[in-house]
$ cat query.txt   # compact mmCIF, C-alpha atoms
# COMPACT_ATOMS: atom_id res chain seq x y z
CA MET A 29 -41.78 14.43 -6.99
CA GLU A 30 -42.33 15.33 -3.32
CA LEU A 31 -39.18 15.64 -1.25
CA THR A 32 -40.34 12.91 1.14
CA THR A 33 -40.66 10.51 -1.81
CA PHE A 34 -37.35 11.65 -3.23
CA TRP A 35 -35.49 11.09 0.02
CA PHE A 36 -37.09 7.72 0.64
CA ALA A 37 -35.84 6.71 -2.82
CA VAL A 38 -32.36 8.08 -2.03
CA ILE A 39 -32.22 6.14 1.23
CA ALA A 40 -33.38 2.97 -0.54
CA PHE A 41 -30.64 3.52 -3.13
CA LEU A 42 -27.99 3.96 -0.42
CA TRP A 43 -29.06 0.83 1.43
CA THR A 44 -29.10 -1.09 -1.84
CA GLY A 45 -25.56 0.04 -2.63
CA TYR A 46 -24.50 -1.04 0.84
CA PHE A 47 -26.08 -4.48 0.51
CA VAL A 48 -24.51 -5.09 -2.91
CA LEU A 49 -21.01 -3.87 -2.06
CA GLU A 50 -20.72 -5.00 1.55
CA GLY A 51 -22.41 -8.24 0.57
CA PHE A 52 -19.34 -9.51 -1.22
CA ASP A 53 -17.11 -8.04 1.50
CA PHE A 54 -18.92 -10.12 4.08
CA GLY A 55 -18.78 -13.18 1.85
CA VAL A 56 -15.04 -12.86 1.31
CA GLY A 57 -14.46 -12.43 5.04
CA MET A 58 -16.40 -15.59 5.83
CA LEU A 59 -14.84 -17.64 3.03
CA ALA A 60 -11.18 -16.65 3.45
CA PRO A 61 -10.23 -19.57 5.75
CA ALA A 62 -11.86 -22.09 3.40
CA LEU A 63 -10.47 -20.71 0.14
CA ALA A 64 -6.84 -20.25 1.20
CA GLY A 65 -4.44 -23.15 1.62
CA ASN A 66 -1.53 -21.06 2.90
CA GLU A 67 -0.61 -17.56 3.98
CA ALA A 68 0.08 -16.34 0.44
CA GLU A 69 -3.37 -17.46 -0.68
CA ARG A 70 -4.94 -15.93 2.42
CA LYS A 71 -3.42 -12.59 1.43
CA GLN A 72 -4.66 -13.12 -2.11
CA VAL A 73 -8.24 -13.69 -0.93
CA LEU A 74 -8.33 -10.78 1.52
CA GLY A 75 -6.53 -8.62 -1.01
CA THR A 76 -9.62 -8.72 -3.21
CA ILE A 77 -11.43 -6.47 -0.72
CA GLY A 78 -8.38 -4.74 0.77
CA PRO A 79 -8.65 -1.53 -1.29
CA VAL A 80 -12.45 -1.21 -1.10
CA TRP A 81 -13.96 -2.63 2.10
CA ASP A 82 -13.71 0.57 4.13
CA GLY A 83 -15.11 2.61 1.26
CA ASN A 84 -18.04 0.21 1.01
CA GLU A 85 -18.91 0.90 4.65
CA VAL A 86 -19.39 4.56 3.75
CA TRP A 87 -22.68 3.52 2.13
CA LEU A 88 -23.98 2.41 5.53
CA ILE A 89 -22.85 5.61 7.22
CA THR A 90 -24.46 7.69 4.49
CA ALA A 91 -27.70 5.69 4.53
CA VAL A 92 -28.08 5.95 8.30
CA GLY A 93 -27.09 9.62 8.25
CA ALA A 94 -29.68 10.33 5.56
CA MET A 95 -32.34 8.51 7.60
CA PHE A 96 -31.45 10.58 10.67
CA ALA A 97 -31.67 13.86 8.76
CA ALA A 98 -34.62 13.18 6.45
CA PHE A 99 -36.76 10.80 8.55
CA PRO A 100 -35.75 11.18 12.22
CA ALA A 101 -38.81 9.33 13.52
CA TRP A 102 -38.06 6.33 11.27
CA TYR A 103 -34.42 6.41 12.36
CA ALA A 104 -35.39 6.55 16.05
CA GLY A 105 -37.96 3.79 15.75
CA LEU A 106 -35.66 1.45 13.86
CA LEU A 107 -32.74 1.89 16.24
CA SER A 108 -34.98 1.61 19.31
CA GLU A 109 -36.86 -1.47 18.16
CA PHE A 110 -33.73 -3.30 16.97
CA TYR A 111 -31.24 -1.89 19.44
CA LEU A 112 -29.49 -5.17 20.31
CA PRO A 113 -29.03 -6.56 16.77
CA ILE A 114 -27.82 -3.19 15.50
CA VAL A 115 -25.32 -2.93 18.35
CA LEU A 116 -24.10 -6.43 17.44
CA VAL A 117 -23.78 -5.31 13.81
CA LEU A 118 -21.60 -2.41 14.91
CA VAL A 119 -19.50 -4.70 17.11
CA GLY A 120 -19.06 -7.06 14.16
CA LEU A 121 -17.99 -4.24 11.84
CA ILE A 122 -15.48 -2.97 14.40
CA VAL A 123 -14.02 -6.44 15.00
CA ARG A 124 -13.79 -7.07 11.27
CA GLY A 125 -12.08 -3.74 10.67
CA VAL A 126 -9.55 -4.39 13.40
CA GLY A 127 -8.86 -7.87 12.02
CA LEU A 128 -8.32 -6.60 8.49
CA GLU A 129 -6.09 -3.72 9.56
CA TRP A 130 -3.98 -5.58 12.11
CA ARG A 131 -3.51 -8.73 10.10
CA GLY A 132 -0.70 -7.23 8.04
CA LYS A 133 1.01 -5.74 11.08
CA VAL A 134 1.36 -8.77 13.37
CA ARG A 135 4.27 -11.19 13.03
CA HIS A 136 3.13 -14.41 14.68
CA ALA A 137 0.85 -16.94 13.03
CA SER A 138 -1.24 -17.21 16.21
CA ASP A 139 -1.94 -13.47 16.11
CA ARG A 140 -2.94 -13.68 12.45
CA ALA A 141 -5.28 -16.53 13.35
CA TRP A 142 -7.05 -14.28 15.86
CA CYS A 143 -7.34 -11.59 13.20
CA ASP A 144 -8.78 -14.11 10.76
CA LEU A 145 -11.33 -15.19 13.35
CA GLY A 146 -12.28 -11.57 13.91
CA VAL A 147 -12.76 -11.07 10.17
CA LEU A 148 -14.91 -14.20 9.92
CA VAL A 149 -17.14 -13.40 12.91
CA GLY A 150 -17.25 -9.70 12.09
CA SER A 151 -18.45 -10.56 8.58
CA ALA A 152 -20.99 -13.22 9.58
CA LEU A 153 -22.74 -11.13 12.24
CA PRO A 154 -23.83 -8.23 10.00
CA ALA A 155 -24.57 -10.56 7.08
CA PHE A 156 -27.06 -12.49 9.22
CA LEU A 157 -28.43 -9.68 11.36
CA TRP A 158 -29.29 -7.22 8.59
CA GLY A 159 -31.42 -9.88 6.93
CA ALA A 160 -33.08 -10.72 10.23
CA VAL A 161 -33.80 -7.06 11.05
CA PHE A 162 -35.43 -6.20 7.74
CA ALA A 163 -37.35 -9.49 7.58
CA ASP A 164 -38.74 -8.83 11.06
CA LEU A 165 -39.61 -5.28 10.03
CA LEU A 166 -41.67 -6.70 7.16
CA ARG A 167 -43.31 -9.63 8.90
CA ASN A 168 -42.85 -9.04 12.66
CA SER A 169 -42.15 -12.72 13.20
CA ALA A 170 -39.26 -14.57 14.80
CA THR A 171 -39.50 -17.26 12.12
CA ALA A 172 -39.38 -14.67 9.35
CA ALA A 173 -36.37 -13.04 11.01
CA LEU A 174 -34.55 -16.37 11.13
CA VAL A 175 -35.37 -17.10 7.50
CA GLY A 176 -34.28 -13.60 6.49
CA GLY A 177 -31.01 -13.97 8.38
CA VAL A 178 -30.17 -17.32 6.82
CA PHE A 179 -31.09 -15.99 3.40
CA SER A 180 -28.92 -12.87 3.64
CA LEU A 181 -26.01 -14.84 5.13
CA SER A 182 -26.07 -17.48 2.39
CA VAL A 183 -26.45 -14.91 -0.40
CA CYS A 184 -23.46 -12.98 0.96
CA VAL A 185 -21.38 -16.18 0.92
CA LEU A 186 -22.43 -16.88 -2.67
CA HIS A 187 -21.85 -13.26 -3.74
CA GLY A 188 -18.43 -13.25 -2.06
CA ALA A 189 -17.38 -16.52 -3.66
CA VAL A 190 -18.32 -15.22 -7.10
CA PHE A 191 -16.37 -12.02 -6.41
CA VAL A 192 -13.25 -13.97 -5.39
CA ALA A 193 -13.53 -16.08 -8.55
CA LEU A 194 -13.71 -12.86 -10.56
CA LYS A 195 -10.72 -11.25 -8.85
CA THR A 196 -8.22 -14.10 -8.47
CA THR A 197 -6.31 -16.71 -10.44
CA GLY A 198 -5.00 -20.21 -9.81
CA PRO A 199 -6.21 -22.61 -7.10
CA VAL A 200 -8.07 -19.88 -5.19
CA ARG A 201 -10.19 -19.11 -8.22
CA SER A 202 -11.11 -22.79 -8.64
CA ARG A 203 -11.97 -23.13 -4.96
CA ALA A 204 -14.08 -19.98 -5.09
CA ARG A 205 -16.14 -21.39 -7.96
CA ARG A 206 -16.72 -24.61 -6.02
CA ALA A 207 -17.63 -22.60 -2.92
CA ALA A 208 -20.17 -20.60 -4.92
CA LEU A 209 -21.84 -23.78 -6.14
CA ILE A 210 -21.90 -25.21 -2.62
CA ALA A 211 -23.30 -21.96 -1.20
CA SER A 212 -26.04 -22.01 -3.82
CA ALA A 213 -27.35 -25.23 -2.27
CA VAL A 214 -28.32 -23.10 0.75
CA ALA A 215 -28.94 -19.73 -0.90
CA LEU A 216 -31.50 -20.88 -3.48
CA PRO A 217 -33.74 -22.81 -1.02
CA ALA A 218 -33.36 -19.93 1.44
CA ALA A 219 -34.54 -17.54 -1.29
CA VAL A 220 -37.64 -19.69 -1.83
CA ALA A 221 -38.28 -19.75 1.92
CA ALA A 222 -37.83 -15.99 2.16
CA LEU A 223 -40.27 -15.48 -0.71
CA SER A 224 -42.84 -17.66 1.05
CA HIS A 225 -42.63 -15.38 4.10
CA ILE A 226 -43.37 -12.20 2.15
CA PRO A 227 -46.45 -10.55 3.68
CA VAL A 228 -49.46 -10.38 1.41
CA ALA A 229 -51.63 -7.81 3.13
CA GLY A 230 -52.41 -6.15 6.44
CA THR A 231 -48.85 -5.57 7.58
CA VAL A 232 -46.50 -2.65 7.93
CA ALA A 233 -45.42 -3.39 4.38
CA GLY A 234 -48.90 -2.79 3.00
CA ALA A 235 -50.64 -5.05 0.51
CA TRP A 236 -48.27 -6.85 -1.86
CA SER A 237 -51.34 -8.07 -3.70
CA ALA A 238 -52.05 -4.45 -4.66
CA ALA A 239 -48.54 -3.94 -6.03
CA PRO A 240 -47.68 -6.76 -8.46
CA TRP A 241 -44.41 -5.07 -9.42
CA LEU A 242 -43.10 -5.96 -5.95
CA TRP A 243 -43.67 -9.63 -6.65
CA ALA A 244 -42.10 -9.17 -10.08
CA GLY A 245 -39.02 -7.63 -8.46
CA ALA A 246 -38.74 -10.44 -5.90
CA LEU A 247 -39.11 -13.14 -8.54
CA ALA A 248 -36.61 -11.37 -10.79
CA ALA A 249 -34.17 -11.32 -7.87
CA MET A 250 -34.54 -15.10 -7.53
CA ALA A 251 -34.07 -15.57 -11.26
CA ALA A 252 -30.90 -13.46 -11.21
CA LEU A 253 -29.57 -15.48 -8.28
CA ALA A 254 -30.15 -18.72 -10.17
CA ALA A 255 -28.54 -17.20 -13.26
CA GLY A 256 -25.47 -16.29 -11.19
CA VAL A 257 -25.11 -19.93 -10.15
CA ALA A 258 -25.50 -21.17 -13.73
CA LEU A 259 -22.95 -18.66 -15.01
CA THR A 260 -20.50 -19.67 -12.31
CA TRP A 261 -20.92 -23.29 -13.39
CA ARG A 262 -19.97 -22.22 -16.92
CA GLY A 263 -16.97 -20.20 -15.72
CA ARG A 264 -18.39 -16.80 -16.71
CA ASP A 265 -17.16 -14.99 -13.61
CA GLY A 266 -17.90 -11.43 -14.71
CA TRP A 267 -21.47 -12.16 -15.75
CA ALA A 268 -22.00 -14.30 -12.65
CA PHE A 269 -20.99 -11.40 -10.41
CA ALA A 270 -23.28 -9.06 -12.34
CA ALA A 271 -26.12 -11.54 -11.81
CA THR A 272 -25.62 -11.93 -8.05
CA ALA A 273 -25.22 -8.16 -7.68
CA SER A 274 -28.44 -7.64 -9.66
CA SER A 275 -30.20 -10.19 -7.48
CA ILE A 276 -29.32 -8.29 -4.32
CA ALA A 277 -30.24 -4.96 -5.90
CA LEU A 278 -33.62 -6.24 -7.12
CA GLY A 279 -34.35 -7.84 -3.76
CA SER A 280 -33.50 -4.61 -1.97
CA ALA A 281 -35.72 -2.62 -4.34
CA ALA A 282 -38.61 -4.97 -3.59
CA LEU A 283 -37.90 -4.68 0.14
CA PHE A 284 -38.06 -0.90 0.19
CA GLY A 285 -41.00 -0.92 -2.19
CA ALA A 286 -42.82 -3.04 0.37
CA LEU A 287 -41.88 -0.59 3.13
CA TRP A 288 -43.44 2.33 1.24
CA PRO A 289 -45.33 4.32 2.45
CA ALA A 290 -45.11 3.00 6.02
CA PRO A 291 -41.45 2.12 6.76
CA PHE A 292 -42.20 1.45 10.42
CA PRO A 293 -45.32 0.12 12.19
CA GLY A 294 -47.83 2.91 12.60
CA LEU A 295 -45.60 5.47 10.93
CA THR A 296 -45.84 6.80 7.37
CA VAL A 297 -43.03 8.58 5.55
CA THR A 298 -44.95 11.84 5.81
CA GLU A 299 -45.21 11.51 9.58
CA ALA A 300 -41.57 10.45 9.88
CA ALA A 301 -40.12 13.16 7.65
CA SER A 302 -38.30 16.32 8.66
CA GLY A 303 -39.69 19.72 7.75
CA PRO A 304 -39.68 21.07 4.19
CA TYR A 305 -36.78 23.44 4.86
CA THR A 306 -34.56 20.64 6.20
CA LEU A 307 -35.42 18.39 3.27
CA GLY A 308 -34.73 21.23 0.83
CA VAL A 309 -31.28 21.89 2.29
CA LEU A 310 -30.53 18.14 2.29
CA THR A 311 -31.53 17.94 -1.36
CA TRP A 312 -29.03 20.58 -2.42
CA ILE A 313 -26.28 18.95 -0.36
CA GLY A 314 -27.08 15.55 -1.82
CA LEU A 315 -27.20 16.77 -5.41
CA ILE A 316 -23.77 18.37 -5.00
CA ALA A 317 -21.99 15.69 -2.95
CA LEU A 318 -23.43 12.41 -4.25
CA PRO A 319 -21.94 12.58 -7.78
CA PHE A 320 -18.47 13.09 -6.33
CA VAL A 321 -18.87 10.13 -3.96
CA LEU A 322 -20.13 7.86 -6.74
CA GLY A 323 -17.41 9.04 -9.11
CA TYR A 324 -14.65 8.40 -6.60
CA GLN A 325 -15.91 4.92 -5.79
CA ALA A 326 -16.24 4.03 -9.47
CA TRP A 327 -12.70 5.28 -10.05
CA SER A 328 -11.32 3.20 -7.14
CA TYR A 329 -12.93 0.02 -8.51
CA TRP A 330 -11.51 0.78 -11.94
CA VAL A 331 -8.00 1.26 -10.55
CA PHE A 332 -8.12 -2.06 -8.65
CA ARG A 333 -9.92 -4.01 -11.39
CA ARG A 334 -7.16 -6.55 -12.16
CA ARG A 335 -7.05 -10.11 -10.88
CA LEU A 336 -4.76 -10.87 -7.96
CA VAL A 337 -2.05 -13.51 -8.04
CA ALA A 338 -0.79 -15.27 -4.90
CA GLU A 339 2.65 -14.07 -3.87
CA VAL A 340 5.47 -16.59 -4.16
CA SER A 341 7.38 -16.84 -0.87
$ encode --input "query.txt" --output "structure tokens"
Amino acid sequence: MELTTFWFAVIAFLWTGYFVLEGFDFGVGMLAPALAGNEAERKQVLGTIGPVWDGNEVWLITAVGAMFAAFPAWYAGLLSEFYLPIVLVLVGLIVRGVGLEWRGKVRHASDRAWCDLGVLVGSALPAFLWGAVFADLLRNSATAALVGGVFSLSVCVLHGAVFVALKTTGPVRSRARRAALIASAVALPAAVAALSHIPVAGTVAGAWSAAPWLWAGALAAMAALAAGVALTWRGRDGWAFAATASSIALGSAALFGALWPAPFPGLTVTEAASGPYTLGVLTWIGLIALPFVLGYQAWSYWVFRRRLVAEVS
């Protein structure tokens, strides 16, 4: 395998991990006000992502860092073309981080309300904008960007609701299941709309008609999303979360498959790549560091695997 192909696959893997893990983070942040009836339940909901949300953001940092090092022209083009939405994503992530960190340190209910608003807005902005950015990159259309944004936002809400149902007990768990079913009423039609906006040929994404496995991946992602809804209906929280996570992963794989070999208009991966020496050094660094990062994150999820119970005041 050529190093350019290898590093494109690594970057696709890192973005996929980010979308799957931050997807439920964003969903939880947006749903917290609706799922919690009091302060104890609010802590229960936000506690589901408390130990992991900052670690999940590392996937974004690593993905962007890998793009900068391995494909500097792709990195520069993406950040230049989508400067405003990416800045808004960063603002959202900062606001969300401040809200999550300060919420447990303030004493007054009004201050906690501001923190909750920051978490909600800071979760909704990236959830919508990442979908809009990548949809526009594929189709170069304002309508496609809007559809992509609505799709990614609704899928994050659904994914987050399923995650809360998996990680909590009592009334919050019941509300989370209902929220997942309600969110599916938007997510499933949005998935169909997003599929209808997939480019067929003559775009930066290349010809989907020449790569049927891309369509298979996109359709499998829709099937997994529908399966997640059905499993939630049956109360199978663990399998439902696996299904929604698989849906996002399959959709991301189809997305980056469509971007190969021209991830940016008029720019192939070969033209965007760094020199062989740089890619060789990056490969050794990645092969040494990546297993430790994956191992640590797997360990952290294992440690915090139990369901959370609302504190009794």
$ residues_around --input "query.txt" --residues "Gly65 (chain A)" --least-positions-apart "4" --cutoff "9 Å" --atoms "all atoms listed in the file" --output "list in words"
Pro61, Glu69, Arg70, Pro199 and Val200 of chain A
$ closest_residue --input "query.txt" --among "A:Glu85, A:Leu165, A:Ala251, A:Leu74" --to "Gly127 (chain A)" --atoms "all atoms listed in the file"
A:Leu74
$ residues_around --input "query.txt" --residues "Ala98 (chain A)" --least-positions-apart "6" --cutoff "7 Å" --atoms "only C-alpha atoms" --output "CSV table (one decimal) with C-alpha atoms, in the frame of the given file"
chain,number,residue,atom,x,y,z
A,35,TRP,CA,-35.5,11.1,0.0
A,301,ALA,CA,-40.1,13.2,7.6
A,302,SER,CA,-38.3,16.3,8.7
A,307,LEU,CA,-35.4,18.4,3.3
$ axis_aligned_box --input "query.txt" --around "region 38-54 of chain A" --padding-each-side "4 Å" --output "lines of an AutoDock Vina configuration file"
center_x = -25.2
center_y = -1.0
center_z = 0.5
size_x = 24.3
size_y = 26.2
size_z = 15.2
$ closest_residue --input "query.txt" --among "A:Leu209, A:Leu42, A:Val192, A:Ile77" --to "Ala254 (chain A)" --atoms "all atoms listed in the file"
A:Leu209
$ atom_distance --input "query.txt" --atom1 "CA of Ala40 (chain A)" --atom2 "CA of Trp327 (chain A)"
22.9 Å
$ residues_around --input "query.txt" --residues "region 279-285 of chain A" --least-positions-apart "6" --cutoff "12 Å" --atoms "all atoms listed in the file" --output "number ranges by chain"
A: 33, 36-48, 51, 158-159, 161-167, 176, 179-180, 183, 219, 222-223, 226-227, 232-236, 238-253, 272-273, 291-292, 297
$ residues_near_point --input "query.txt" --point "(-24.6, -11.8, 7.7)" --cutoff "10 Å" --atoms "all atoms listed in the file" --output "list in words"
Glu50, Gly51, Phe54, Gly55, Met58, Val117, Gly120, Val149, Gly150, Ser151, Ala152, Leu153, Pro154, Ala155, Phe156, Leu157, Trp158, Gly159, Ala160, Gly176, Gly177, Val178, Phe179, Ser180, Leu181, Ser182, Val183, Cys184 and Val185 of chain A
$ write_last_selection --input "query.txt" --atoms "C-alpha atoms" --output "PDB file, keeping the file's coordinate frame"
ATOM      1  CA  GLU A  50     -20.720  -5.000   1.550  1.00  0.00           C
ATOM      2  CA  GLY A  51     -22.410  -8.240   0.570  1.00  0.00           C
ATOM      3  CA  PHE A  54     -18.920 -10.120   4.080  1.00  0.00           C
ATOM      4  CA  GLY A  55     -18.780 -13.180   1.850  1.00  0.00           C
ATOM      5  CA  MET A  58     -16.400 -15.590   5.830  1.00  0.00           C
ATOM      6  CA  VAL A 117     -23.780  -5.310  13.810  1.00  0.00           C
ATOM      7  CA  GLY A 120     -19.060  -7.060  14.160  1.00  0.00           C
ATOM      8  CA  VAL A 149     -17.140 -13.400  12.910  1.00  0.00           C
ATOM      9  CA  GLY A 150     -17.250  -9.700  12.090  1.00  0.00           C
ATOM     10  CA  SER A 151     -18.450 -10.560   8.580  1.00  0.00           C
ATOM     11  CA  ALA A 152     -20.990 -13.220   9.580  1.00  0.00           C
ATOM     12  CA  LEU A 153     -22.740 -11.130  12.240  1.00  0.00           C
ATOM     13  CA  PRO A 154     -23.830  -8.230  10.000  1.00  0.00           C
ATOM     14  CA  ALA A 155     -24.570 -10.560   7.080  1.00  0.00           C
ATOM     15  CA  PHE A 156     -27.060 -12.490   9.220  1.00  0.00           C
ATOM     16  CA  LEU A 157     -28.430  -9.680  11.360  1.00  0.00           C
ATOM     17  CA  TRP A 158     -29.290  -7.220   8.590  1.00  0.00           C
ATOM     18  CA  GLY A 159     -31.420  -9.880   6.930  1.00  0.00           C
ATOM     19  CA  ALA A 160     -33.080 -10.720  10.230  1.00  0.00           C
ATOM     20  CA  GLY A 176     -34.280 -13.600   6.490  1.00  0.00           C
ATOM     21  CA  GLY A 177     -31.010 -13.970   8.380  1.00  0.00           C
ATOM     22  CA  VAL A 178     -30.170 -17.320   6.820  1.00  0.00           C
ATOM     23  CA  PHE A 179     -31.090 -15.990   3.400  1.00  0.00           C
ATOM     24  CA  SER A 180     -28.920 -12.870   3.640  1.00  0.00           C
ATOM     25  CA  LEU A 181     -26.010 -14.840   5.130  1.00  0.00           C
ATOM     26  CA  SER A 182     -26.070 -17.480   2.390  1.00  0.00           C
ATOM     27  CA  VAL A 183     -26.450 -14.910  -0.400  1.00  0.00           C
ATOM     28  CA  CYS A 184     -23.460 -12.980   0.960  1.00  0.00           C
ATOM     29  CA  VAL A 185     -21.380 -16.180   0.920  1.00  0.00           C
TER      30      VAL A 185
END
$ closest_residue --input "query.txt" --among "A:Leu315, A:Ala172, A:Val126, A:Ala211" --to "His187 (chain A)" --atoms "all atoms listed in the file"
A:Ala211
$ residues_near_point --input "query.txt" --point "(-11.1, -2.1, -2.2)" --cutoff "10 Å" --atoms "all atoms listed in the file" --output "PyMOL selection string"
chain A and resi 53+74-84+325+328-329+331-333
$ closest_residue --input "query.txt" --among "A:Ala64, A:Ile89, A:Ala193, A:Val214" --to "Leu336 (chain A)" --atoms "only C-alpha atoms"
A:Ala193
$ residues_around --input "query.txt" --residues "Val337 (chain A)" --least-positions-apart "6" --cutoff "10 Å" --atoms "only C-alpha atoms" --output "MDAnalysis selection string"
chainID A and resid 68:69 71:73 75 195:198 200:201
$ closest_residue --input "query.txt" --among "A:Ala326, A:Ala208, A:Ala221, A:Cys143" --to "Thr171 (chain A)" --atoms "only C-alpha atoms"
A:Ala221
$ atom_distance --input "query.txt" --atom1 "CA of Arg335 (chain A)" --atom2 "CA of Leu194 (chain A)"
7.2 Å
$ atom_distance --input "query.txt" --atom1 "CA of Leu106 (chain A)" --atom2 "CA of Ala290 (chain A)"
12.4 Å
$ build_atoms --input "query.txt" --residues "region 74-87 of chain A" --atoms "N, CA, C and O atoms" --output "JSON list (two decimals), in the coordinates of the input"
[["chain", "number", "residue", "atom", "x", "y", "z"],
["A", 74, "LEU", "N", -7.99, -12.02, 0.82],
["A", 74, "LEU", "CA", -8.33, -10.78, 1.52],
["A", 74, "LEU", "C", -7.93, -9.55, 0.71],
["A", 74, "LEU", "O", -8.51, -8.48, 0.87],
["A", 75, "GLY", "N", -6.94, -9.73, -0.16],
["A", 75, "GLY", "CA", -6.53, -8.62, -1.01],
["A", 75, "GLY", "C", -7.59, -8.20, -2.00],
["A", 75, "GLY", "O", -7.56, -7.08, -2.51],
["A", 76, "THR", "N", -8.55, -9.09, -2.28],
["A", 76, "THR", "CA", -9.62, -8.72, -3.21],
["A", 76, "THR", "C", -10.50, -7.60, -2.65],
["A", 76, "THR", "O", -11.10, -6.82, -3.41],
["A", 77, "ILE", "N", -10.61, -7.52, -1.32],
["A", 77, "ILE", "CA", -11.43, -6.47, -0.72],
["A", 77, "ILE", "C", -10.58, -5.43, -0.01],
["A", 77, "ILE", "O", -11.12, -4.42, 0.47],
["A", 78, "GLY", "N", -9.26, -5.66, 0.04],
["A", 78, "GLY", "CA", -8.38, -4.74, 0.77],
["A", 78, "GLY", "C", -8.53, -3.28, 0.39],
["A", 78, "GLY", "O", -8.63, -2.40, 1.26],
["A", 79, "PRO", "N", -8.57, -2.94, -0.91],
["A", 79, "PRO", "CA", -8.65, -1.53, -1.29],
["A", 79, "PRO", "C", -10.05, -0.91, -1.18],
["A", 79, "PRO", "O", -10.19, 0.30, -1.33],
["A", 80, "VAL", "N", -11.09, -1.74, -0.96],
["A", 80, "VAL", "CA", -12.45, -1.21, -1.10],
["A", 80, "VAL", "C", -13.35, -1.42, 0.12],
["A", 80, "VAL", "O", -14.39, -0.76, 0.22],
["A", 81, "TRP", "N", -13.00, -2.29, 1.05],
["A", 81, "TRP", "CA", -13.96, -2.63, 2.10],
["A", 81, "TRP", "C", -14.35, -1.43, 2.96],
["A", 81, "TRP", "O", -15.51, -1.27, 3.33],
["A", 82, "ASP", "N", -13.37, -0.58, 3.29],
["A", 82, "ASP", "CA", -13.71, 0.57, 4.13],
["A", 82, "ASP", "C", -14.53, 1.59, 3.37],
["A", 82, "ASP", "O", -15.42, 2.24, 3.93],
["A", 83, "GLY", "N", -14.28, 1.73, 2.07],
["A", 83, "GLY", "CA", -15.11, 2.61, 1.26],
["A", 83, "GLY", "C", -16.53, 2.10, 1.13],
["A", 83, "GLY", "O", -17.49, 2.89, 1.09],
["A", 84, "ASN", "N", -16.70, 0.78, 1.09],
["A", 84, "ASN", "CA", -18.04, 0.21, 1.01],
["A", 84, "ASN", "C", -18.86, 0.50, 2.26],
["A", 84, "ASN", "O", -20.09, 0.64, 2.20],
["A", 85, "GLU", "N", -18.19, 0.60, 3.41],
["A", 85, "GLU", "CA", -18.91, 0.90, 4.65],
["A", 85, "GLU", "C", -19.45, 2.32, 4.67],
["A", 85, "GLU", "O", -20.37, 2.62, 5.44],
["A", 86, "VAL", "N", -18.89, 3.19, 3.83],
["A", 86, "VAL", "CA", -19.39, 4.56, 3.75],
["A", 86, "VAL", "C", -20.86, 4.57, 3.33],
["A", 86, "VAL", "O", -21.64, 5.45, 3.73],
["A", 87, "TRP", "N", -21.28, 3.59, 2.54],
["A", 87, "TRP", "CA", -22.68, 3.52, 2.13],
["A", 87, "TRP", "C", -23.60, 3.35, 3.33],
["A", 87, "TRP", "O", -24.69, 3.93, 3.37]]
